[in-house]
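Trainee: Questions regarding the structure given below will be posed in turn.
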Amino acid sequence: MSSVTLEHVVKFYYPGIAAADTKPIKGLNDINLHIPDGETLSVVGPSGCGKSTLLKVIAGLEYPDEGRVLYNDLDVSKITPQDRGVGMVFQDYALYPTKEGKNNMSYYFEVHHRSQEEKEQRLRETAELMGIGFEMLMGRQVDTLSGGEKQRVGIARCIVREPNVFLMDEPISNLDAKLRERTRTEIRRLLKKFGITTLYVTHDQQEAIFMGDRIAVMRTGSLEQLGTFDELYYSPANLFVASLIGSPPISVLPVVLDQNMVRVGEHASLTLPDHLAQSLPQGKLRLAVRPEGWLVAREPQPESLEMNVSRIERLFTERAAFAHGEIAGAPVSAVVPLDFPEAKKVYLTPDWQRAYFFAADAETALFVPGVPELF
Ligand code: ADP
């Protein structure tokens, strides 16, 4: 097993002959990252941001145009996937449908003329690792298995070869919602048990949070931020990361800071605590507040923002709901107590300890609350 390091990795794609005069696309733009041995790193970002390209470069399915890929201290930039010892799981299972699970797993040993003893031993060890009920799946023909079961066989087929690095590209995105939830719990349990360095690619932030020890956020070929969920949530590097991580998303209001007063829209003003007023530039800014970062009242308060509630979304696991609406033309979501749902209006004041500020005309973070000490 090994750590994975990318140093200044650049990957170009050329749009093709028909578009010969257009510039090459930077699939990856100067990526630097380190995945310590045994860590699961989730990679998340919108479609086309370079997630799969990153995975392919780590796998050896694509070679970087610039920079290096290291497994431990070894430069593998020019080494084929077979020689890197990577295990890959994709959303289409790429299993042999008419073979049994067991034969899908043992195929590698046959092709590589490995001994019968080694094969049997590895199959036994893998079945044990995969847990209760897996031997049953090994005996069944793949095309009789459910999506989740196929994915377990797909994972086992990788594990049986003892990969250095495990690469998963949207492995459960074609399962239905219920099965996806169950399968992601199962995959997470297995990844913890295997302790293999893993890159887990998904476009779904919830899945990225659930799977990853840390999360890498990508956009247009660049790494925007890499950190734990708490770091991304409470100390986002910029507005893009702040908006991507969190559901419902952070509310972003255009404001003007005048001395220590924050003007919101035409009519409302809020007094900013001194330490914040002194650390922020005067003039136009963006104030951002997460749903749980509002102090909520039913009646107008001396300093509060009136929100017409357009929709209430019950939080079934909490005695609370999300109230969705608009303030100064911007969509806003706030957590409200469960006895609020009939309210047509709510009055919101930012809890300044939980407020974020960004520049008005750039995504730069000017103030973020930082990771709270929860325990
Ligand atoms: P993601 O996995 O995040 O959806 P990709 O890594 O597949 O994104 O793609 C990143 C960018 O590189 C996109 O703009 C995509 O169109 C481009 N790209 C990916 N593969 C190729 C290719 N083989 N040829 C040309 N462009 C490509």
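Letters A, B, ... go to the chains of the structure tokens in the order shown; residues in each chain start at 1; ligands are counted from 1 in the same order.
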Residues within 12 Å of ligand 1 (only C-alpha atoms and all ligand atoms), as an mmCIF file with N, CA and C atoms, in the first residue's frame?
Mentor:
data_model
loop_
_atom_site.group_PDB
_atom_site.id
_atom_site.type_symbol
_atom_site.label_atom_id
_atom_site.label_comp_id
_atom_site.auth_asym_id
_atom_site.auth_seq_id
_atom_site.Cartn_x
_atom_site.Cartn_y
_atom_site.Cartn_z
ATOM 1 N N VAL A 10 -0.328 18.844 -14.718
ATOM 2 C CA VAL A 10 -1.120 19.523 -15.747
ATOM 3 C C VAL A 10 -1.488 18.487 -16.796
ATOM 4 N N LYS A 11 -2.772 18.489 -17.215
ATOM 5 C CA LYS A 11 -3.201 17.603 -18.289
ATOM 6 C C LYS A 11 -3.992 18.414 -19.301
ATOM 7 N N PHE A 12 -3.523 18.400 -20.532
ATOM 8 C CA PHE A 12 -4.224 19.130 -21.604
ATOM 9 C C PHE A 12 -5.112 18.176 -22.380
ATOM 10 N N TYR A 13 -6.243 18.677 -22.845
ATOM 11 C CA TYR A 13 -7.025 17.954 -23.846
ATOM 12 C C TYR A 13 -7.140 18.849 -25.065
ATOM 13 N N TYR A 14 -7.099 18.229 -26.231
ATOM 14 C CA TYR A 14 -7.206 19.008 -27.465
ATOM 15 C C TYR A 14 -8.589 18.798 -28.051
ATOM 16 N N PRO A 15 -9.321 19.878 -28.318
ATOM 17 C CA PRO A 15 -10.719 19.747 -28.728
ATOM 18 C C PRO A 15 -10.917 18.974 -30.030
ATOM 19 N N GLY A 16 -9.894 18.751 -30.816
ATOM 20 C CA GLY A 16 -10.057 17.946 -32.033
ATOM 21 C C GLY A 16 -9.842 18.763 -33.280
ATOM 22 N N ILE A 17 -9.757 18.049 -34.423
ATOM 23 C CA ILE A 17 -9.378 18.698 -35.685
ATOM 24 C C ILE A 17 -10.400 19.762 -36.088
ATOM 25 N N ALA A 19 -12.044 21.666 -34.447
ATOM 26 C CA ALA A 19 -11.902 22.915 -33.690
ATOM 27 C C ALA A 19 -10.420 23.263 -33.557
ATOM 28 N N LYS A 23 -8.059 26.735 -28.360
ATOM 29 C CA LYS A 23 -6.948 26.407 -27.474
ATOM 30 C C LYS A 23 -7.177 25.063 -26.791
ATOM 31 N N PRO A 24 -6.107 24.369 -26.400
ATOM 32 C CA PRO A 24 -6.317 23.139 -25.631
ATOM 33 C C PRO A 24 -6.993 23.438 -24.296
ATOM 34 N N ILE A 25 -7.778 22.449 -23.836
ATOM 35 C CA ILE A 25 -8.457 22.592 -22.533
ATOM 36 C C ILE A 25 -7.509 22.060 -21.466
ATOM 37 N N LYS A 26 -7.423 22.782 -20.360
ATOM 38 C CA LYS A 26 -6.647 22.241 -19.250
ATOM 39 C C LYS A 26 -7.570 21.348 -18.413
ATOM 40 N N GLY A 27 -7.478 20.048 -18.661
ATOM 41 C CA GLY A 27 -8.277 19.089 -17.887
ATOM 42 C C GLY A 27 -7.857 19.158 -16.428
ATOM 43 N N LEU A 28 -6.550 19.308 -16.195
ATOM 44 C CA LEU A 28 -6.015 19.520 -14.843
ATOM 45 C C LEU A 28 -5.032 20.677 -14.899
ATOM 46 N N ASN A 29 -5.156 21.570 -13.948
ATOM 47 C CA ASN A 29 -4.371 22.796 -13.999
ATOM 48 C C ASN A 29 -3.513 22.930 -12.744
ATOM 49 N N VAL A 43 -13.314 13.286 -3.941
ATOM 50 C CA VAL A 43 -13.134 14.409 -4.865
ATOM 51 C C VAL A 43 -14.511 14.806 -5.359
ATOM 52 N N VAL A 44 -14.865 16.082 -5.160
ATOM 53 C CA VAL A 44 -16.200 16.532 -5.515
ATOM 54 C C VAL A 44 -16.100 17.820 -6.326
ATOM 55 N N GLY A 45 -17.104 18.045 -7.148
ATOM 56 C CA GLY A 45 -17.122 19.274 -7.954
ATOM 57 C C GLY A 45 -18.106 19.079 -9.092
ATOM 58 N N PRO A 46 -18.498 20.163 -9.755
ATOM 59 C CA PRO A 46 -19.497 20.040 -10.818
ATOM 60 C C PRO A 46 -18.979 19.223 -12.001
ATOM 61 N N SER A 47 -19.913 18.782 -12.823
ATOM 62 C CA SER A 47 -19.576 17.991 -13.997
ATOM 63 C C SER A 47 -18.563 18.738 -14.876
ATOM 64 N N GLY A 48 -17.545 18.033 -15.338
ATOM 65 C CA GLY A 48 -16.555 18.634 -16.226
ATOM 66 C C GLY A 48 -15.427 19.358 -15.505
ATOM 67 N N CYS A 49 -15.362 19.249 -14.163
ATOM 68 C CA CYS A 49 -14.338 20.009 -13.423
ATOM 69 C C CYS A 49 -12.992 19.293 -13.377
ATOM 70 N N GLY A 50 -12.947 18.035 -13.826
ATOM 71 C CA GLY A 50 -11.662 17.344 -13.876
ATOM 72 C C GLY A 50 -11.518 16.175 -12.909
ATOM 73 N N LYS A 51 -12.617 15.776 -12.281
ATOM 74 C CA LYS A 51 -12.553 14.689 -11.299
ATOM 75 C C LYS A 51 -12.058 13.389 -11.925
ATOM 76 N N SER A 52 -12.690 13.004 -13.039
ATOM 77 C CA SER A 52 -12.314 11.734 -13.676
ATOM 78 C C SER A 52 -10.906 11.813 -14.240
ATOM 79 N N THR A 53 -10.537 12.985 -14.739
ATOM 80 C CA THR A 53 -9.187 13.140 -15.278
ATOM 81 C C THR A 53 -8.162 12.946 -14.160
ATOM 82 N N LEU A 54 -8.456 13.491 -12.999
ATOM 83 C CA LEU A 54 -7.558 13.324 -11.855
ATOM 84 C C LEU A 54 -7.397 11.842 -11.526
ATOM 85 N N LEU A 55 -8.529 11.146 -11.495
ATOM 86 C CA LEU A 55 -8.497 9.713 -11.199
ATOM 87 C C LEU A 55 -7.687 8.948 -12.258
ATOM 88 N N LYS A 56 -7.887 9.323 -13.527
ATOM 89 C CA LYS A 56 -7.186 8.619 -14.601
ATOM 90 C C LYS A 56 -5.689 8.864 -14.541
ATOM 91 N N VAL A 57 -5.307 10.067 -14.177
ATOM 92 C CA VAL A 57 -3.876 10.377 -14.082
ATOM 93 C C VAL A 57 -3.242 9.589 -12.913
ATOM 94 N N LEU A 61 -4.199 5.730 -16.541
ATOM 95 C CA LEU A 61 -4.991 5.635 -17.779
ATOM 96 C C LEU A 61 -4.738 6.855 -18.654
ATOM 97 N N GLU A 62 -4.270 7.935 -18.037
ATOM 98 C CA GLU A 62 -3.820 9.131 -18.752
ATOM 99 C C GLU A 62 -2.477 9.521 -18.150
ATOM 100 N N TYR A 63 -1.604 10.065 -18.999
ATOM 101 C CA TYR A 63 -0.323 10.540 -18.468
ATOM 102 C C TYR A 63 -0.341 12.060 -18.373
ATOM 103 N N PHE A 90 -15.905 1.404 -11.140
ATOM 104 C CA PHE A 90 -16.663 2.448 -11.839
ATOM 105 C C PHE A 90 -18.156 2.207 -11.662
ATOM 106 N N MET A 168 -12.179 4.913 -7.142
ATOM 107 C CA MET A 168 -13.616 4.697 -7.368
ATOM 108 C C MET A 168 -14.210 5.932 -8.031
ATOM 109 N N ASP A 169 -14.860 5.726 -9.188
ATOM 110 C CA ASP A 169 -15.451 6.846 -9.928
ATOM 111 C C ASP A 169 -16.969 6.686 -9.924
ATOM 112 N N GLU A 170 -17.650 7.490 -9.145
ATOM 113 C CA GLU A 170 -19.122 7.457 -9.035
ATOM 114 C C GLU A 170 -19.623 6.019 -8.938
ATOM 115 N N TYR A 200 -11.981 8.700 -4.084
ATOM 116 C CA TYR A 200 -13.401 8.436 -4.315
ATOM 117 C C TYR A 200 -14.022 9.643 -5.013
ATOM 118 N N VAL A 201 -14.370 9.468 -6.280
ATOM 119 C CA VAL A 201 -14.889 10.579 -7.086
ATOM 120 C C VAL A 201 -16.415 10.570 -7.077
ATOM 121 N N THR A 202 -17.008 11.724 -6.806
ATOM 122 C CA THR A 202 -18.467 11.832 -6.859
ATOM 123 C C THR A 202 -18.860 13.287 -7.140
ATOM 124 N N HIS A 203 -20.074 13.469 -7.732
ATOM 125 C CA HIS A 203 -20.538 14.851 -7.915
ATOM 126 C C HIS A 203 -21.453 15.226 -6.751
ATOM 127 N N ASP A 204 -21.698 14.267 -5.837
ATOM 128 C CA ASP A 204 -22.681 14.442 -4.771
ATOM 129 C C ASP A 204 -21.969 14.803 -3.470
ATOM 130 N N ALA A 216 -11.593 16.841 -1.441
ATOM 131 C CA ALA A 216 -10.968 17.796 -2.361
ATOM 132 C C ALA A 216 -12.072 18.392 -3.222
ATOM 133 N N VAL A 217 -12.132 19.718 -3.273
ATOM 134 C CA VAL A 217 -13.139 20.396 -4.100
ATOM 135 C C VAL A 217 -12.457 20.902 -5.361
ATOM 136 N N MET A 218 -13.006 20.520 -6.527
ATOM 137 C CA MET A 218 -12.404 20.929 -7.805
ATOM 138 C C MET A 218 -13.353 21.823 -8.595
ATOM 139 N N ARG A 219 -12.746 22.677 -9.434
ATOM 140 C CA ARG A 219 -13.506 23.489 -10.391
ATOM 141 C C ARG A 219 -12.609 23.776 -11.576
ATOM 142 N N THR A 220 -13.154 23.613 -12.765
ATOM 143 C CA THR A 220 -12.447 23.859 -14.036
ATOM 144 C C THR A 220 -10.959 23.472 -13.969
ATOM 145 N N GLY A 221 -10.717 22.249 -13.594
ATOM 146 C CA GLY A 221 -9.363 21.701 -13.635
ATOM 147 C C GLY A 221 -8.476 22.069 -12.464
ATOM 148 N N SER A 222 -8.979 22.887 -11.558
ATOM 149 C CA SER A 222 -8.148 23.318 -10.426
ATOM 150 C C SER A 222 -8.694 22.784 -9.111
ATOM 151 N N LEU A 223 -7.764 22.630 -8.169
ATOM 152 C CA LEU A 223 -8.139 22.223 -6.822
ATOM 153 C C LEU A 223 -8.439 23.495 -6.040
#
Trainee: Find the residues around range 78-83 of chain A up to 9 Å (only C-alpha atoms counted), leave out those fewer than 6 positions away in its own chain, and share them as a tab-separated table (two decimals) with C-alpha atoms, in the first residue's frame.
Mentor:
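And here is the file that came out, part.tsv:
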chain	number	residue	atom	x	y	z
A	58	ILE	CA	-3.47	8.67	-10.70
A	59	ALA	CA	-4.44	5.33	-12.26
A	60	GLY	CA	-2.12	5.69	-15.24
A	61	LEU	CA	-4.99	5.63	-17.78
A	63	TYR	CA	-0.32	10.54	-18.47
A	64	PRO	CA	0.26	14.07	-17.19
A	68	ARG	CA	4.74	14.07	-11.51
A	69	VAL	CA	2.66	11.36	-9.84
Trainee: Check range 141-281 of chain A with DSSP on the backbone and list each residue it calls strand (DSSP E or B), as a ChimeraX atom specification.
Mentor: /A:141,165-169,197-202,214-219,222-227,238,251-258,261-264,268-271
Trainee: Can I get the selected residues back with N, CA and C atoms, as a CSV table (one decimal), in the first residue's frame?
Mentor:
chain,number,residue,atom,x,y,z
A,141,GLN,N,-24.1,-16.3,-10.4
A,141,GLN,CA,-23.8,-15.7,-11.7
A,141,GLN,C,-24.1,-14.2,-11.6
A,165,VAL,N,-3.4,1.1,-4.4
A,165,VAL,CA,-4.3,2.3,-4.4
A,165,VAL,C,-5.7,1.9,-5.0
A,166,PHE,N,-6.7,2.4,-4.4
A,166,PHE,CA,-8.1,2.0,-4.8
A,166,PHE,C,-8.7,3.3,-5.4
A,167,LEU,N,-9.3,3.2,-6.6
A,167,LEU,CA,-9.8,4.3,-7.3
A,167,LEU,C,-11.3,4.0,-7.6
A,168,MET,N,-12.2,4.9,-7.1
A,168,MET,CA,-13.6,4.7,-7.4
A,168,MET,C,-14.2,5.9,-8.0
A,169,ASP,N,-14.9,5.7,-9.2
A,169,ASP,CA,-15.5,6.8,-9.9
A,169,ASP,C,-17.0,6.7,-9.9
A,197,THR,N,-5.3,3.2,0.6
A,197,THR,CA,-5.3,4.6,0.1
A,197,THR,C,-6.4,4.6,-1.0
A,198,THR,N,-7.4,5.5,-0.9
A,198,THR,CA,-8.5,5.5,-1.8
A,198,THR,C,-8.8,6.9,-2.3
A,199,LEU,N,-9.1,7.0,-3.6
A,199,LEU,CA,-9.6,8.2,-4.2
A,199,LEU,C,-11.0,7.9,-4.6
A,200,TYR,N,-12.0,8.7,-4.1
A,200,TYR,CA,-13.4,8.4,-4.3
A,200,TYR,C,-14.0,9.6,-5.0
A,201,VAL,N,-14.4,9.5,-6.3
A,201,VAL,CA,-14.9,10.6,-7.1
A,201,VAL,C,-16.4,10.6,-7.1
A,202,THR,N,-17.0,11.7,-6.8
A,202,THR,CA,-18.5,11.8,-6.9
A,202,THR,C,-18.9,13.3,-7.1
A,214,ARG,N,-11.0,13.1,4.1
A,214,ARG,CA,-10.9,14.5,3.7
A,214,ARG,C,-11.5,14.6,2.3
A,215,ILE,N,-11.8,15.9,1.9
A,215,ILE,CA,-12.5,16.1,0.7
A,215,ILE,C,-11.7,17.1,-0.1
A,216,ALA,N,-11.6,16.8,-1.4
A,216,ALA,CA,-11.0,17.8,-2.4
A,216,ALA,C,-12.1,18.4,-3.2
A,217,VAL,N,-12.1,19.7,-3.3
A,217,VAL,CA,-13.1,20.4,-4.1
A,217,VAL,C,-12.5,20.9,-5.4
A,218,MET,N,-13.0,20.5,-6.5
A,218,MET,CA,-12.4,20.9,-7.8
A,218,MET,C,-13.4,21.8,-8.6
A,219,ARG,N,-12.7,22.7,-9.4
A,219,ARG,CA,-13.5,23.5,-10.4
A,219,ARG,C,-12.6,23.8,-11.6
A,222,SER,N,-9.0,22.9,-11.6
A,222,SER,CA,-8.1,23.3,-10.4
A,222,SER,C,-8.7,22.8,-9.1
A,223,LEU,N,-7.8,22.6,-8.2
A,223,LEU,CA,-8.1,22.2,-6.8
A,223,LEU,C,-8.4,23.5,-6.0
A,224,GLU,N,-9.7,23.7,-5.6
A,224,GLU,CA,-10.1,24.9,-4.9
A,224,GLU,C,-9.7,24.8,-3.5
A,225,GLN,N,-9.9,23.6,-2.9
A,225,GLN,CA,-9.6,23.5,-1.4
A,225,GLN,C,-9.6,22.0,-1.1
A,226,LEU,N,-8.7,21.6,-0.2
A,226,LEU,CA,-8.6,20.2,0.3
A,226,LEU,C,-8.6,20.2,1.8
A,227,GLY,N,-9.5,19.6,2.4
A,227,GLY,CA,-9.6,19.6,3.9
A,227,GLY,C,-10.6,18.6,4.4
A,238,ASN,N,-13.1,30.1,-0.4
A,238,ASN,CA,-13.7,31.1,-1.2
A,238,ASN,C,-15.2,30.8,-1.3
A,251,SER,N,-26.7,31.1,2.4
A,251,SER,CA,-27.4,32.3,1.8
A,251,SER,C,-26.4,33.4,1.7
A,252,VAL,N,-26.5,34.1,0.5
A,252,VAL,CA,-25.5,35.1,0.2
A,252,VAL,C,-26.2,36.4,-0.1
A,253,LEU,N,-26.0,37.4,0.8
A,253,LEU,CA,-26.7,38.7,0.6
A,253,LEU,C,-25.8,39.8,0.2
A,254,PRO,N,-26.1,40.6,-0.8
A,254,PRO,CA,-25.3,41.8,-1.1
A,254,PRO,C,-25.5,42.8,0.0
A,255,VAL,N,-24.5,43.4,0.6
A,255,VAL,CA,-24.7,44.4,1.7
A,255,VAL,C,-23.7,45.5,1.5
A,256,VAL,N,-23.9,46.6,2.2
A,256,VAL,CA,-22.9,47.7,2.3
A,256,VAL,C,-22.5,47.9,3.7
A,257,LEU,N,-21.2,48.0,3.9
A,257,LEU,CA,-20.7,48.3,5.3
A,257,LEU,C,-20.3,49.7,5.4
A,258,ASP,N,-21.0,50.4,6.3
A,258,ASP,CA,-20.8,51.8,6.5
A,258,ASP,C,-20.5,52.0,8.0
A,261,MET,N,-22.2,49.7,10.6
A,261,MET,CA,-23.5,49.3,10.2
A,261,MET,C,-23.5,48.6,8.9
A,262,VAL,N,-24.2,47.4,8.8
A,262,VAL,CA,-24.4,46.7,7.6
A,262,VAL,C,-25.7,47.0,7.0
A,263,ARG,N,-25.8,47.6,5.9
A,263,ARG,CA,-27.0,47.8,5.2
A,263,ARG,C,-27.4,46.7,4.3
A,264,VAL,N,-28.7,46.2,4.5
A,264,VAL,CA,-29.2,45.1,3.7
A,264,VAL,C,-30.4,45.6,2.9
A,268,ALA,N,-33.2,47.9,5.7
A,268,ALA,CA,-32.7,47.2,6.9
A,268,ALA,C,-31.2,47.5,7.2
A,269,SER,N,-30.9,47.7,8.5
A,269,SER,CA,-29.5,47.9,8.9
A,269,SER,C,-29.2,47.0,10.1
A,270,LEU,N,-28.0,46.5,10.2
A,270,LEU,CA,-27.7,45.7,11.3
A,270,LEU,C,-26.4,46.2,11.9
A,271,THR,N,-26.2,46.2,13.2
A,271,THR,CA,-25.0,46.7,13.8
A,271,THR,C,-24.0,45.5,13.9
Trainee: Could you give me the residues within range 107-336 of chain A that DSSP places in helix (DSSP H, G or I), as a PyMOL selection string?
Mentor: chain A and resi 107-111+116-130+134-138+142-144+147-159+177-194+205-211+229-234+239-244+274-279+291-293
Trainee: Rank nothing, just name the residue among A:Ile35, A:Gln353, A:Ile159, A:Ala277 nearest to Leu191 in chain A, using only C-alpha atoms.
Mentor: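 The closest residue to Leu191 in chain A is A:Ile159.
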Trainee: From the set A:Glu100, A:Asp30, A:Glu342, A:Asp351, which residue has the shortest atom-to-atom contact distance to Val289 in chain A, counting only C-alpha atoms?
Mentor: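 Once distances to Val289 in chain A are computed over only C-alpha atoms, the minimum belongs to A:Asp351.
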